[in-house]
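Right, one structure below, let's go through it.
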Amino acid sequence: MAQWHDGKIVNRVDWNDHLFSLQFECTAFPKFKAGQFTKVGLIQDDNKVLSRPYSLVNSPNAEFLEIIAVPVENGSLSPKLHELQIGDEVKIMSPATGFLVLEEVPQSETLFLIATGTGVGPFISILESEEAWSKYTNVVLVYGARQNSDLAYSDKIQTWLSDKPEQFRFVPIVSREFNPNALKGRIPELIASGAIQQKCGIEFAPTTCQVMLCGNPEMIKDTLEVLSTFGLKKHLRRSPGHISLERYW
Ligand SMILES: Cc1cc2nc3c(=O)[nH]c(=O)nc-3n(C[C@H](O)[C@H](O)[C@H](O)COP(=O)(O)OP(=O)(O)OC[C@H]3O[C@@H](n4cnc5c(N)ncnc54)[C@H](O)[C@@H]3O)c2cc1C
């Protein structure tokens, strides 16, 4: 049953002036699956909780819960979350929920994790889990952002690159700044042109790939369309396919 818990901010990381991560201490929070989301909220003057869904970035085994977010212009909650400091209190709802989890994704040779912006959050949690590395021969993280500083968690990504050089590939994409190591442009076009496949050395094929998509709904819509030209279709329990997804708005 849904239940509010008290959470206290124990750490925050400002990746730049808008992109931030918050870590909460919430000892009573029940176990969740990597890739799931929960509701985070703040108590208002009328004593009601103003809340929105946020994916959990941390490993299910971690001591703290973590989210990554941006203050959306004129948004009701996210600008308030952006102002929070260590020691501030939040409300966190249990249980975490959502189907962007590996147990819902069929076995295959390659797992593509494709995210824009804060959509990378659930994939960081998934990459922290042992299951990603034991279930798939190749794991590719495709991570699109506007600016170089919007590419968060680069220390973790570098560790996976060093620890799993054969298994893990990383394809950063920056749309509005030059980055010698990143592709430039939009994910759907970079798949259509073959640039992402060339960068990671793996093709999209229904016989060998599962794809997880998370973030901006436009990216998801257009990526679904372009992946369909390679024979990949949305995965549903009742109709197995190749693409699992979560839209953030
Ligand atoms: C399952 C799920 C998981 C989510 N996980 C995350 C997460 O991990 N991190 C995160 O930052 N957000 C996440 N979101 C979005 C989040 O719940 C809020 O919508 C967002 O923080 C804006 O809330 P708000 O109250 O400030 O804006 P509101 O007043 O509710 O305005 C909502 C509008 O803001 C816009 N919007 C929402 N999210 C974004 C965004 N990230 N970038 C640009 N515009 C946006 C959309 O136009 C949307 O209609 C998730 C949403 C869903 C459904």
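Chains: A, B, ... in order of the structure tokens. Residues: from 1 per chain. Ligands: from 1, in order shown.
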Practice problem: Produce as a list of chain:residue names the set of residues near ligand 1, where near means within 6 Å with only C-alpha atoms and all ligand atoms considered. | Solution: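 Going residue by residue within 6 Å of ligand 1, we get A:Phe37, A:Arg52, A:Pro53, A:Tyr54, A:Ser55, A:Ile67, A:Ile68, A:Ala69, A:Val70, A:Val72, A:Gly75, A:Ser76, A:Leu77, A:Ser78, A:Pro79, A:Thr118, A:Gly121, A:Tyr248, A:Trp249.
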Practice problem: Identify, with DSSP run on backbone atoms, the residues in region 124-155 of chain A assigned to helix (DSSP H, G or I), and express the list as a PyMOL selection string. | Solution: chain A and resi 124-128+130-135+148-150+154-155
Quiz item: Which is closest to Leu81 (chain A) among A:Ile157, A:Leu65, A:Val105, A:Leu50, if we use only C-alpha atoms?
Solution: A:Leu50
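Excluding Ile243 (chain A) itself and any same-chain residue fewer than 6 positions from it, the protein and nucleic acid residues within 6 Å of it, counting only C-alpha atoms, are Val211, Met212, Lys233, Lys234 and His235 of chain A.
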Quiz item: Using only C-alpha atoms, which residues sit within 12 Å of Thr159 (chain A) once same-chain residues fewer than 4 positions away are excluded, as a ChimeraX atom specification?
Solution: /A:127-128,153-155,163-165,168-170
For the contact check between region 110-212 of chain A and region 216-226 of chain A, emit one row per residue of region 110-212 of chain A within 10 Å, containing the shortest atom pair and the distance in Å rounded to one decimal, counting only C-alpha atoms, chain then rising number order, as a Markdown table.
| residue | atom | partner | partner_atom | distance |
| --- | --- | --- | --- | --- |
| A:Ile114 | CA | A:Ile220 | CA | 9.2 |
| A:Ala115 | CA | A:Asn216 | CA | 8.2 |
| A:Thr116 | CA | A:Asn216 | CA | 6.2 |
| A:Gly117 | CA | A:Asn216 | CA | 7.7 |
| A:Thr118 | CA | A:Asn216 | CA | 8.9 |
| A:Gly119 | CA | A:Asn216 | CA | 7.5 |
| A:Gly144 | CA | A:Met219 | CA | 9.8 |
| A:Arg186 | CA | A:Met219 | CA | 7.9 |
| A:Ile187 | CA | A:Met219 | CA | 7.0 |
| A:Pro188 | CA | A:Thr223 | CA | 4.7 |
| A:Glu189 | CA | A:Val226 | CA | 8.1 |
| A:Leu190 | CA | A:Thr223 | CA | 9.8 |
| A:Ile191 | CA | A:Val226 | CA | 7.3 |
| A:Ala192 | CA | A:Val226 | CA | 6.3 |
| A:Val211 | CA | A:Leu224 | CA | 9.9 |
| A:Met212 | CA | A:Ile220 | CA | 9.9 |
I'd like to know which residues of region 22-55 of chain A are strand (DSSP E or B) (by DSSP, run on the backbone); could you write them as a JSON list (two decimals) with C-alpha atoms, in the first residue's frame?
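Contents of result11.json, as written:
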[["chain", "number", "residue", "atom", "x", "y", "z"],
["A", 22, "LEU", "CA", 19.77, 14.82, -4.33],
["A", 23, "GLN", "CA", 20.57, 12.00, -1.92],
["A", 24, "PHE", "CA", 18.04, 11.20, 0.79],
["A", 25, "GLU", "CA", 18.34, 9.24, 3.98],
["A", 37, "PHE", "CA", 10.58, 5.37, -9.79],
["A", 38, "THR", "CA", 8.88, 6.78, -6.74],
["A", 39, "LYS", "CA", 7.14, 10.00, -5.77],
["A", 40, "VAL", "CA", 9.12, 12.74, -4.05],
["A", 41, "GLY", "CA", 7.25, 15.63, -2.50],
["A", 42, "LEU", "CA", 7.23, 18.62, -0.19],
["A", 43, "ILE", "CA", 4.64, 19.53, 2.43],
["A", 49, "VAL", "CA", 2.09, 16.99, -0.18],
["A", 50, "LEU", "CA", 3.02, 18.39, -3.59],
["A", 51, "SER", "CA", 4.75, 15.48, -5.33],
["A", 52, "ARG", "CA", 6.00, 14.26, -8.71],
["A", 53, "PRO", "CA", 7.47, 10.94, -9.90],
["A", 54, "TYR", "CA", 11.28, 10.63, -9.97],
["A", 55, "SER", "CA", 13.39, 7.64, -10.98]]
Exercise. Find the spatial neighbours of Ile86 (chain A), counting only C-alpha atoms, within a cut-off of 9 Å - ignore same-chain residues fewer than 4 positions away - and output them as an MDAnalysis selection string.
Key: chainID A and resid 8:12 22:23
